[in-house]
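A.B. asks: Next comes structure10.txt, compact mmCIF, C-alpha atoms:
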```txt
# COMPACT_ATOMS: atom_id res chain seq x y z
CA MET A 1 43.60 38.27 -20.21
CA ASN A 2 46.94 36.88 -19.15
CA ALA A 3 47.25 33.32 -17.90
CA PRO A 4 48.32 33.57 -14.23
CA HIS A 5 47.47 29.93 -13.60
CA LEU A 6 49.19 28.53 -16.68
CA ASP A 7 51.10 25.36 -15.78
CA VAL A 8 53.70 23.23 -17.53
CA ALA A 9 52.29 19.75 -18.12
CA VAL A 10 55.41 18.39 -19.84
CA GLN A 11 58.74 20.22 -19.94
CA GLU A 12 60.10 19.36 -23.37
CA GLN A 13 62.10 20.84 -26.23
CA ALA A 14 59.92 19.64 -29.08
CA GLU A 15 60.89 21.19 -32.38
CA LEU A 16 57.31 21.28 -33.64
CA GLY A 17 54.94 20.10 -30.91
CA GLU A 18 51.42 19.72 -32.29
CA GLY A 19 47.99 18.15 -32.09
CA PRO A 20 47.12 17.60 -28.39
CA THR A 21 44.28 15.07 -28.16
CA TRP A 22 42.60 13.64 -25.08
CA ASP A 23 42.14 9.85 -25.16
CA GLN A 24 39.04 9.07 -23.09
CA ALA A 25 39.79 5.34 -23.01
CA THR A 26 43.23 5.65 -21.45
CA GLY A 27 42.98 8.98 -19.62
CA GLN A 28 46.03 10.26 -21.48
CA LEU A 29 46.92 13.27 -23.57
CA ILE A 30 48.43 12.37 -26.96
CA TRP A 31 50.56 14.88 -28.87
CA VAL A 32 53.26 14.81 -31.54
CA ASP A 33 56.56 16.42 -32.43
CA ILE A 34 56.19 16.54 -36.19
CA VAL A 35 59.74 17.00 -37.46
CA SER A 36 61.32 14.89 -34.71
CA ALA A 37 58.95 12.05 -35.72
CA ARG A 38 57.75 11.36 -32.19
CA VAL A 39 54.36 10.57 -30.64
CA HIS A 40 54.11 11.53 -26.96
CA THR A 41 51.59 10.52 -24.31
CA TYR A 42 51.08 12.08 -20.89
CA ASP A 43 48.99 10.85 -17.96
CA PRO A 44 48.16 13.89 -15.77
CA VAL A 45 47.20 11.70 -12.79
CA SER A 46 50.37 9.62 -12.51
CA GLY A 47 52.67 11.93 -14.45
CA ARG A 48 53.72 8.97 -16.61
CA ARG A 49 55.00 9.78 -20.09
CA THR A 50 55.78 7.70 -23.16
CA VAL A 51 57.55 8.59 -26.39
CA MET A 52 57.23 6.51 -29.57
CA ALA A 53 59.38 7.09 -32.64
CA THR A 54 57.77 6.95 -36.07
CA GLU A 55 59.67 6.27 -39.28
CA GLN A 56 58.36 9.44 -40.94
CA HIS A 57 57.37 12.94 -39.92
CA VAL A 58 54.04 12.66 -38.10
CA GLY A 59 51.50 15.48 -38.38
CA ALA A 60 48.88 14.02 -36.05
CA ALA A 61 48.10 10.96 -33.93
CA LYS A 62 44.57 10.07 -32.81
CA PRO A 63 43.19 7.15 -30.78
CA ARG A 64 41.46 4.23 -32.50
CA ALA A 65 38.24 2.67 -31.25
CA GLY A 66 39.87 -0.73 -30.78
CA GLY A 67 43.11 0.61 -29.28
CA GLY A 68 46.24 1.92 -30.93
CA LEU A 69 46.62 5.02 -33.07
CA VAL A 70 45.85 6.41 -36.51
CA VAL A 71 48.64 8.70 -37.71
CA ASN A 72 48.93 11.31 -40.47
CA LEU A 73 52.42 10.66 -41.80
CA ARG A 74 54.55 12.07 -44.61
CA ASP A 75 53.37 9.47 -47.12
CA GLY A 76 49.78 8.88 -46.01
CA ILE A 77 47.63 7.52 -43.21
CA GLY A 78 48.97 4.70 -41.06
CA LEU A 79 47.64 2.53 -38.26
CA TYR A 80 49.41 1.39 -35.10
CA ASP A 81 47.79 -1.52 -33.30
CA ALA A 82 47.77 -1.65 -29.51
CA ASP A 83 50.81 -3.95 -29.64
CA GLY A 84 52.77 -1.46 -31.77
CA ALA A 85 52.40 -3.24 -35.11
CA PHE A 86 52.16 -0.81 -38.03
CA ARG A 87 50.44 -0.93 -41.40
CA TRP A 88 49.37 1.60 -44.02
CA LEU A 89 45.69 2.43 -44.35
CA ALA A 90 46.03 4.95 -47.21
CA HIS A 91 49.52 5.13 -48.75
CA ASP A 92 49.88 8.11 -51.10
CA PRO A 93 53.46 9.46 -51.18
CA GLU A 94 54.10 12.72 -53.00
CA PRO A 95 57.61 14.19 -53.02
CA GLY A 96 57.87 17.38 -51.00
CA ARG A 97 54.56 16.92 -49.16
CA ARG A 98 53.73 15.73 -45.65
CA GLY A 99 50.74 15.15 -43.41
CA ASN A 100 49.80 17.93 -41.02
CA ASP A 101 46.89 18.36 -38.61
CA ALA A 102 43.98 15.90 -38.49
CA ALA A 103 40.79 15.29 -36.51
CA VAL A 104 38.20 12.56 -36.09
CA ALA A 105 34.63 13.43 -37.08
CA PRO A 106 31.57 12.40 -35.05
CA ASP A 107 31.06 9.40 -37.37
CA GLY A 108 34.60 8.08 -36.71
CA ALA A 109 36.16 9.13 -40.03
CA LEU A 110 39.53 10.91 -40.08
CA TRP A 111 39.82 14.32 -41.71
CA ALA A 112 43.45 15.00 -42.55
CA GLY A 113 45.32 18.03 -43.85
CA THR A 114 48.55 18.07 -45.81
CA MET A 115 51.08 20.72 -46.82
CA ARG A 116 54.30 21.05 -48.77
CA TYR A 117 57.57 21.41 -46.94
CA ASP A 118 58.24 24.62 -48.89
CA GLY A 119 54.84 26.04 -47.91
CA ALA A 120 53.62 26.41 -51.52
CA ALA A 121 50.16 27.99 -51.61
CA ASP A 122 48.64 25.18 -53.70
CA GLY A 123 50.60 22.25 -52.32
CA GLY A 124 48.26 20.79 -49.68
CA SER A 125 44.79 19.31 -49.41
CA LEU A 126 42.06 18.24 -47.02
CA THR A 127 40.81 14.67 -47.27
CA ARG A 128 38.33 12.40 -45.48
CA ILE A 129 39.54 8.87 -44.71
CA ALA A 130 36.87 6.32 -43.84
CA ALA A 131 37.40 3.38 -41.50
CA ASP A 132 38.03 1.08 -44.49
CA GLY A 133 40.67 3.41 -45.92
CA ALA A 134 38.51 4.97 -48.63
CA VAL A 135 39.79 8.49 -49.33
CA THR A 136 37.62 11.41 -50.42
CA THR A 137 39.27 14.68 -51.39
CA VAL A 138 37.31 17.51 -49.76
CA LEU A 139 39.55 20.47 -50.63
CA PRO A 140 42.08 19.71 -53.37
CA VAL A 141 44.04 22.94 -52.96
CA VAL A 142 45.13 24.39 -49.60
CA ALA A 143 48.42 25.82 -48.44
CA CYS A 144 48.58 24.45 -44.89
CA GLY A 145 45.70 22.19 -43.85
CA ASN A 146 45.37 22.87 -40.14
CA GLY A 147 42.81 23.11 -37.31
CA ILE A 148 39.69 20.97 -37.80
CA GLY A 149 36.72 20.62 -35.44
CA TRP A 150 32.95 20.21 -35.16
CA SER A 151 30.18 22.05 -33.34
CA PRO A 152 28.49 20.28 -30.39
CA ASP A 153 25.45 19.37 -32.53
CA GLY A 154 27.66 18.12 -35.37
CA LEU A 155 26.05 20.45 -37.92
CA LEU A 156 29.07 22.67 -38.46
CA MET A 157 32.71 21.92 -39.28
CA TYR A 158 35.57 24.38 -38.75
CA PHE A 159 38.80 24.40 -40.76
CA ILE A 160 41.93 26.56 -40.95
CA ASP A 161 44.21 27.09 -43.94
CA THR A 162 46.79 28.98 -41.92
CA PRO A 163 48.13 31.57 -44.43
CA THR A 164 44.59 32.86 -45.05
CA ARG A 165 44.43 34.05 -41.38
CA ARG A 166 40.84 32.75 -41.33
CA ILE A 167 38.89 30.18 -39.42
CA ASP A 168 36.34 28.94 -41.95
CA VAL A 169 33.08 27.15 -41.22
CA PHE A 170 31.15 24.62 -43.30
CA ASP A 171 27.71 23.07 -43.04
CA PHE A 172 28.20 19.41 -42.15
CA ASP A 173 25.75 16.54 -42.79
CA GLY A 174 27.68 13.76 -41.10
CA GLU A 175 29.96 13.02 -44.04
CA ARG A 176 30.13 16.08 -46.29
CA ALA A 177 31.30 19.63 -45.61
CA VAL A 178 29.67 22.24 -47.85
CA ASN A 179 28.97 26.00 -48.03
CA ARG A 180 32.39 27.18 -46.89
CA ARG A 181 32.43 30.70 -45.42
CA PRO A 182 34.55 32.81 -43.04
CA PHE A 183 33.85 32.37 -39.32
CA ALA A 184 36.57 34.63 -37.88
CA THR A 185 39.69 36.39 -39.16
CA VAL A 186 42.89 37.00 -37.21
CA GLU A 187 44.10 40.51 -37.88
CA GLU A 188 47.55 41.15 -39.31
CA GLY A 189 50.20 41.36 -36.61
CA ALA A 190 48.39 39.06 -34.19
CA GLY A 191 49.89 35.82 -35.50
CA PHE A 192 48.49 33.05 -37.69
CA PRO A 193 45.66 30.66 -36.73
CA ASP A 194 46.97 27.12 -36.27
CA GLY A 195 45.23 24.28 -34.41
CA LEU A 196 41.77 24.61 -32.87
CA THR A 197 39.30 22.94 -30.55
CA VAL A 198 35.57 23.48 -29.98
CA ASP A 199 34.18 23.60 -26.44
CA ALA A 200 30.83 22.42 -25.08
CA ASP A 201 29.32 25.89 -25.61
CA GLY A 202 30.21 25.80 -29.30
CA ALA A 203 33.02 28.33 -28.91
CA VAL A 204 36.20 27.89 -30.95
CA TRP A 205 39.61 28.08 -29.26
CA VAL A 206 42.55 28.64 -31.61
CA ALA A 207 46.33 28.77 -31.08
CA LEU A 208 48.10 31.67 -32.77
CA TRP A 209 51.45 30.79 -34.34
CA ASP A 210 53.79 33.74 -33.89
CA GLY A 211 51.04 35.36 -31.81
CA ALA A 212 52.01 34.09 -28.32
CA ALA A 213 48.35 33.54 -27.47
CA VAL A 214 45.28 31.34 -27.59
CA ARG A 215 41.96 32.95 -28.50
CA ARG A 216 38.36 31.95 -27.82
CA TYR A 217 35.67 32.92 -30.32
CA THR A 218 32.01 32.50 -29.35
CA ALA A 219 29.70 30.41 -31.53
CA ASP A 220 28.72 33.54 -33.48
CA GLY A 221 32.35 34.38 -34.24
CA ALA A 222 32.90 37.11 -31.66
CA LEU A 223 36.28 37.28 -29.93
CA ASP A 224 35.69 37.06 -26.17
CA ARG A 225 38.92 35.82 -24.61
CA ILE A 226 42.66 36.08 -25.23
CA VAL A 227 45.07 33.96 -23.19
CA ARG A 228 48.57 35.45 -23.43
CA LEU A 229 51.41 32.92 -23.38
CA PRO A 230 55.13 33.19 -22.66
CA VAL A 231 55.99 31.29 -25.84
CA ARG A 232 55.85 32.80 -29.30
CA ARG A 233 54.67 29.73 -31.21
CA PRO A 234 51.72 27.88 -29.67
CA THR A 235 50.48 25.41 -32.25
CA ALA A 236 47.22 23.79 -31.09
CA CYS A 237 44.97 23.28 -28.08
CA ALA A 238 42.57 20.66 -26.72
CA PHE A 239 40.56 20.05 -23.58
CA GLY A 240 41.51 17.11 -21.41
CA GLY A 241 41.47 15.74 -17.89
CA SER A 242 38.79 13.66 -16.17
CA ASP A 243 36.23 16.48 -16.45
CA LEU A 244 37.52 17.87 -19.78
CA ASN A 245 38.06 21.23 -18.08
CA ASP A 246 41.81 21.69 -18.62
CA LEU A 247 43.09 23.28 -21.83
CA TYR A 248 46.32 21.70 -23.09
CA ILE A 249 48.47 23.75 -25.46
CA SER A 250 51.25 22.38 -27.66
CA THR A 251 54.14 24.65 -28.63
CA ALA A 252 57.11 24.82 -31.01
CA ARG A 253 60.65 26.16 -31.01
CA THR A 254 61.51 25.54 -34.66
CA GLY A 255 62.84 28.57 -36.53
CA LEU A 256 63.40 30.66 -33.40
CA ALA A 257 66.88 32.06 -32.87
CA ALA A 258 66.32 32.51 -29.14
CA PRO A 259 63.32 30.40 -28.07
CA HIS A 260 61.74 30.88 -24.66
CA PRO A 261 62.76 28.09 -22.23
CA LEU A 262 59.20 26.71 -22.41
CA SER A 263 59.07 26.66 -26.21
CA GLY A 264 58.45 23.06 -27.24
CA SER A 265 56.74 22.15 -23.95
CA LEU A 266 53.16 21.03 -23.39
CA LEU A 267 51.36 23.70 -21.40
CA VAL A 268 48.04 23.48 -19.56
CA LEU A 269 45.51 26.05 -18.42
CA PRO A 270 43.48 24.39 -15.61
CA ASP A 271 39.72 24.96 -15.46
CA ALA A 272 39.71 26.95 -18.68
CA GLY A 273 36.24 25.80 -19.78
CA ARG A 274 34.28 22.70 -20.76
CA GLY A 275 35.47 20.48 -23.55
CA MET A 276 33.58 17.82 -25.50
CA PRO A 277 34.34 14.11 -25.47
CA GLY A 278 36.26 13.16 -28.57
CA THR A 279 35.51 10.38 -31.02
CA ALA A 280 38.01 7.59 -31.68
CA PHE A 281 38.86 6.64 -35.27
CA ALA A 282 36.57 3.81 -36.34
CA GLY A 283 39.24 1.94 -38.33
```
Could you spell out this file's structure in structure tokens?
C.D. replies:
Amino acid sequence: MNAPHLDVAVQEQAELGEGPTWDQATGQLIWVDIVSARVHTYDPVSGRRTVMATEQHVGAAKPRAGGGLVVNLRDGIGLYDADGAFRWLAHDPEPGRRGNDAAVAPDGALWAGTMRYDGAADGGSLTRIAADGAVTTVLPVVACGNGIGWSPDGLLMYFIDTPTRRIDVFDFDGERAVNRRPFATVEEGAGFPDGLTVDADGAVWVALWDGAAVRRYTADGALDRIVRLPVRRPTACAFGGSDLNDLYISTARTGLAAPHPLSGSLLVLPDAGRGMPGTAFAG
């Protein structure tokens, strides 16, 4: 289907907008512009926006249980307190590598992907970061650690390594992800799977980089909805709003010779479905 009711939540020219996340505590949508090193917030009720600069490229920003943000930066995982004070939680710099997408598991741990700037096939990883900063490497070799999410019952975890064109699924026991297997594959020519979100029915919504669309796959992996977009590079999606019914979509303009005027903006598809309440990082 096309998206006749698609709206523009925030008109912006983000180079690499990513990672929309609804913050239940504040009623705001958090998203980042990775290469511009900016964390954005948007209040859909008042229309109020904020922009915070970070000192490094920021792949993801998620709310913390006590206020503030946990961020997946170039050199590791950092914490911003509610007053803006910053400190490292897990500092692990590696030349040529940066943090990418991340998500908070039902137990409050952060799962964070990384990638190399040159896109090397073996240059990234997927790690679990506990509230105390303890790091567990889950997948030591990925190309582009991207969309991460959990089923409504918490028994499944989804993960995307973008160049594979697959959404993979794992069995999840609350801390460990095991038995990796394909859940759905995006056919050649339809774009590359990027960020994802899981709705209250257990369906997986995924943004297609270079595919100008967002897709919904049912819990059994069947494609049942395609939302066509005016922009070529949607990057991720998340449900937000007071009833978690509105689907927010981040977009990018990086690498495009003639980007659409809305490329880099935060888009929203009202009443797209039913999202699940997120979990704040426990640290």
A.B. asks: Distance cut-off 10 Å, centre (42.4, 3.3, -43.9) in file coordinates, counting only C-alpha atoms: which residues qualify? Return them as a PDB file with C-alpha atoms, in the coordinates of the input.
C.D. replies:
```pdb
ATOM      1  CA  VAL A  70      45.850   6.410 -36.510  1.00  0.00           C
ATOM      2  CA  GLY A  76      49.780   8.880 -46.010  1.00  0.00           C
ATOM      3  CA  ILE A  77      47.630   7.520 -43.210  1.00  0.00           C
ATOM      4  CA  GLY A  78      48.970   4.700 -41.060  1.00  0.00           C
ATOM      5  CA  LEU A  79      47.640   2.530 -38.260  1.00  0.00           C
ATOM      6  CA  ARG A  87      50.440  -0.930 -41.400  1.00  0.00           C
ATOM      7  CA  TRP A  88      49.370   1.600 -44.020  1.00  0.00           C
ATOM      8  CA  LEU A  89      45.690   2.430 -44.350  1.00  0.00           C
ATOM      9  CA  ALA A  90      46.030   4.950 -47.210  1.00  0.00           C
ATOM     10  CA  HIS A  91      49.520   5.130 -48.750  1.00  0.00           C
ATOM     11  CA  ALA A 109      36.160   9.130 -40.030  1.00  0.00           C
ATOM     12  CA  LEU A 110      39.530  10.910 -40.080  1.00  0.00           C
ATOM     13  CA  ILE A 129      39.540   8.870 -44.710  1.00  0.00           C
ATOM     14  CA  ALA A 130      36.870   6.320 -43.840  1.00  0.00           C
ATOM     15  CA  ALA A 131      37.400   3.380 -41.500  1.00  0.00           C
ATOM     16  CA  ASP A 132      38.030   1.080 -44.490  1.00  0.00           C
ATOM     17  CA  GLY A 133      40.670   3.410 -45.920  1.00  0.00           C
ATOM     18  CA  ALA A 134      38.510   4.970 -48.630  1.00  0.00           C
ATOM     19  CA  VAL A 135      39.790   8.490 -49.330  1.00  0.00           C
ATOM     20  CA  PHE A 281      38.860   6.640 -35.270  1.00  0.00           C
ATOM     21  CA  ALA A 282      36.570   3.810 -36.340  1.00  0.00           C
ATOM     22  CA  GLY A 283      39.240   1.940 -38.330  1.00  0.00           C
TER      23      GLY A 283
END
```
A.B. asks: Between CA of Gly59 (chain A) and CA of Leu73 (chain A), what is the distance in Å, rounded to a tenth?
C.D. replies: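 Interatomic distance, CA of Gly59 (chain A) to CA of Leu73 (chain A): 6.0 Å.
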A.B. asks: Do a neighbour search on Val138 (chain A) at 10 Å with only C-alpha atoms, toss out local chain neighbours closer than 4 positions, and write the hits as a PyMOL selection string.
C.D. replies: chain A and resi 111-113+125-128+176-178
A.B. asks: Taking only C-alpha atoms into account, which of A:Arg38, A:Asp173, A:Gly275, A:Leu269 comes nearest Ala203 (chain A)?
C.D. replies: A:Gly275
A.B. asks: Counting only C-alpha atoms, figure out which residue out of A:Thr218, A:Gly241, A:Thr164, A:Leu196 gets nearest to Asp43 (chain A).
C.D. replies: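 Going through A:Thr218, A:Gly241, A:Thr164, A:Leu196 one by one, the smallest distance to Asp43 (chain A) is for A:Gly241.
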A.B. asks: Is it possible to get the residues within 6 Å of (56.4, 31.3, -32.0) (coordinates as in the file, counting all atoms listed in the file) written as a list in words?
C.D. replies: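 Nearby residues: Trp209, Asp210, Arg232 and Arg233 of chain A.
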A.B. asks: I want to know what sits within 12 Å of Val227 (chain A), based on all atoms listed in the file, with residues of the same chain fewer than 3 positions away left out; could you give that as a PyMOL selection string?
C.D. replies: chain A and resi 1-6+205-208+211-217+223-224+230-231+234+237+247+249+268-269+272
A.B. asks: One number please: CA of Ser263 (chain A) to CA of Asp7 (chain A), in Å, one decimal.
C.D. replies: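 We find that CA of Ser263 (chain A) and CA of Asp7 (chain A) lie 13.2 Å from each other.
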A.B. asks: Using all atoms listed in the file, which of the listed residues (A:Gly273, A:Gly66, A:Gly154, A:Gly123) sits closest to Val142 (chain A)?
C.D. replies: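 Once distances to Val142 (chain A) are computed over all atoms listed in the file, the minimum belongs to A:Gly123.
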A.B. asks: Report the distance between CA of Ser250 (chain A) and CA of Glu94 (chain A) in Å, rounded to one decimal place.
C.D. replies: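 Separation between CA of Ser250 (chain A) and CA of Glu94 (chain A): 27.3 Å.
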A.B. asks: Could you tell me which of A:Asp122, A:Asp201, A:Asp220, A:Asp194 comes closest to Asp153 (chain A) if we count all atoms listed in the file?
C.D. replies: A:Asp201
A.B. asks: Do you know which residues are at most 8 Å from Tyr80 (chain A) counting only C-alpha atoms, after dropping those on the same chain fewer than 3 positions away, and could you put them as number ranges by chain?
C.D. replies: A: 68-71, 83-87
A.B. asks: Might you pull out every residue within 7 Å of Val186 (chain A), with all atoms listed in the file counted and same-chain residues fewer than 5 positions away left off, and present them as a PDB file with C-alpha atoms, keeping the file's coordinate frame?
C.D. replies:
```pdb
ATOM      1  CA  ARG A 165      44.430  34.050 -41.380  1.00  0.00           C
ATOM      2  CA  ARG A 166      40.840  32.750 -41.330  1.00  0.00           C
ATOM      3  CA  PHE A 192      48.490  33.050 -37.690  1.00  0.00           C
ATOM      4  CA  PRO A 193      45.660  30.660 -36.730  1.00  0.00           C
TER       5      PRO A 193
END
```
A.B. asks: Could you give me, as a list of chain:residue names, the residues within 12 Å of Ala120 (chain A), counting all atoms listed in the file and dropping anything in the same chain fewer than 5 positions from it?
C.D. replies: A:Gly96, A:Arg97, A:Thr114, A:Met115, A:Ser125, A:Val141, A:Val142, A:Ala143, A:Cys144, A:Gly145, A:Pro163
A.B. asks: Taking the structure in the block just given, could you write region 203-213 of chain A with all heavy atoms, as a short mmCIF file (atom, residue, chain, number, x, y, z; two decimals), in the first residue's frame?
C.D. replies:
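Saved file part.cif follows:
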```cif
data_model
loop_
_atom_site.label_atom_id
_atom_site.label_comp_id
_atom_site.auth_asym_id
_atom_site.auth_seq_id
_atom_site.Cartn_x
_atom_site.Cartn_y
_atom_site.Cartn_z
N ALA A 203 4.30 -8.81 15.16
CA ALA A 203 4.76 -8.57 13.79
C ALA A 203 5.98 -7.65 13.82
O ALA A 203 6.12 -6.80 14.70
CB ALA A 203 3.66 -7.96 12.95
N VAL A 204 6.84 -7.84 12.83
CA VAL A 204 8.09 -7.09 12.73
C VAL A 204 7.98 -6.07 11.60
O VAL A 204 7.71 -6.43 10.45
CB VAL A 204 9.28 -8.04 12.48
CG1 VAL A 204 10.57 -7.24 12.31
CG2 VAL A 204 9.42 -9.04 13.63
N TRP A 205 8.19 -4.80 11.94
CA TRP A 205 8.23 -3.71 10.96
C TRP A 205 9.69 -3.37 10.71
O TRP A 205 10.47 -3.20 11.66
CB TRP A 205 7.51 -2.48 11.50
CG TRP A 205 6.05 -2.64 11.78
CD1 TRP A 205 5.48 -3.34 12.81
CD2 TRP A 205 4.97 -2.05 11.05
NE1 TRP A 205 4.11 -3.24 12.75
CE2 TRP A 205 3.77 -2.44 11.68
CE3 TRP A 205 4.90 -1.23 9.91
CZ2 TRP A 205 2.52 -2.03 11.22
CZ3 TRP A 205 3.66 -0.82 9.46
CH2 TRP A 205 2.49 -1.22 10.10
N VAL A 206 10.08 -3.24 9.45
CA VAL A 206 11.48 -2.97 9.13
C VAL A 206 11.56 -1.88 8.06
O VAL A 206 10.80 -1.88 7.09
CB VAL A 206 12.20 -4.26 8.67
CG1 VAL A 206 11.51 -4.88 7.46
CG2 VAL A 206 13.67 -4.01 8.37
N ALA A 207 12.50 -0.95 8.25
CA ALA A 207 12.77 0.09 7.26
C ALA A 207 13.75 -0.44 6.23
O ALA A 207 14.72 -1.12 6.58
CB ALA A 207 13.34 1.33 7.95
N LEU A 208 13.51 -0.13 4.97
CA LEU A 208 14.36 -0.63 3.89
C LEU A 208 15.22 0.49 3.30
O LEU A 208 14.74 1.35 2.56
CB LEU A 208 13.49 -1.26 2.79
CG LEU A 208 12.65 -2.45 3.20
CD1 LEU A 208 11.91 -3.03 2.00
CD2 LEU A 208 13.49 -3.52 3.88
N TRP A 209 16.48 0.48 3.67
CA TRP A 209 17.47 1.41 3.13
C TRP A 209 17.59 1.20 1.62
O TRP A 209 17.73 0.06 1.15
CB TRP A 209 18.82 1.14 3.82
CG TRP A 209 19.98 1.92 3.32
CD1 TRP A 209 20.82 1.58 2.31
CD2 TRP A 209 20.47 3.16 3.83
NE1 TRP A 209 21.81 2.52 2.16
CE2 TRP A 209 21.62 3.51 3.08
CE3 TRP A 209 20.06 4.01 4.86
CZ2 TRP A 209 22.35 4.66 3.32
CZ3 TRP A 209 20.80 5.16 5.10
CH2 TRP A 209 21.91 5.48 4.34
N ASP A 210 17.51 2.28 0.88
CA ASP A 210 17.50 2.23 -0.58
C ASP A 210 16.27 1.51 -1.15
O ASP A 210 16.23 1.20 -2.34
CB ASP A 210 18.78 1.60 -1.16
CG ASP A 210 19.92 2.61 -1.25
OD1 ASP A 210 19.65 3.82 -1.22
OD2 ASP A 210 21.09 2.17 -1.35
N GLY A 211 15.27 1.28 -0.31
CA GLY A 211 14.06 0.62 -0.76
C GLY A 211 12.83 1.50 -0.72
O GLY A 211 11.75 1.08 -1.16
N ALA A 212 12.95 2.73 -0.15
CA ALA A 212 11.85 3.69 -0.11
C ALA A 212 10.57 3.09 0.46
O ALA A 212 9.47 3.37 -0.01
CB ALA A 212 11.58 4.26 -1.51
N ALA A 213 10.71 2.27 1.51
CA ALA A 213 9.53 1.61 2.06
C ALA A 213 9.80 1.11 3.47
O ALA A 213 10.95 0.95 3.90
CB ALA A 213 9.10 0.44 1.18
#
```
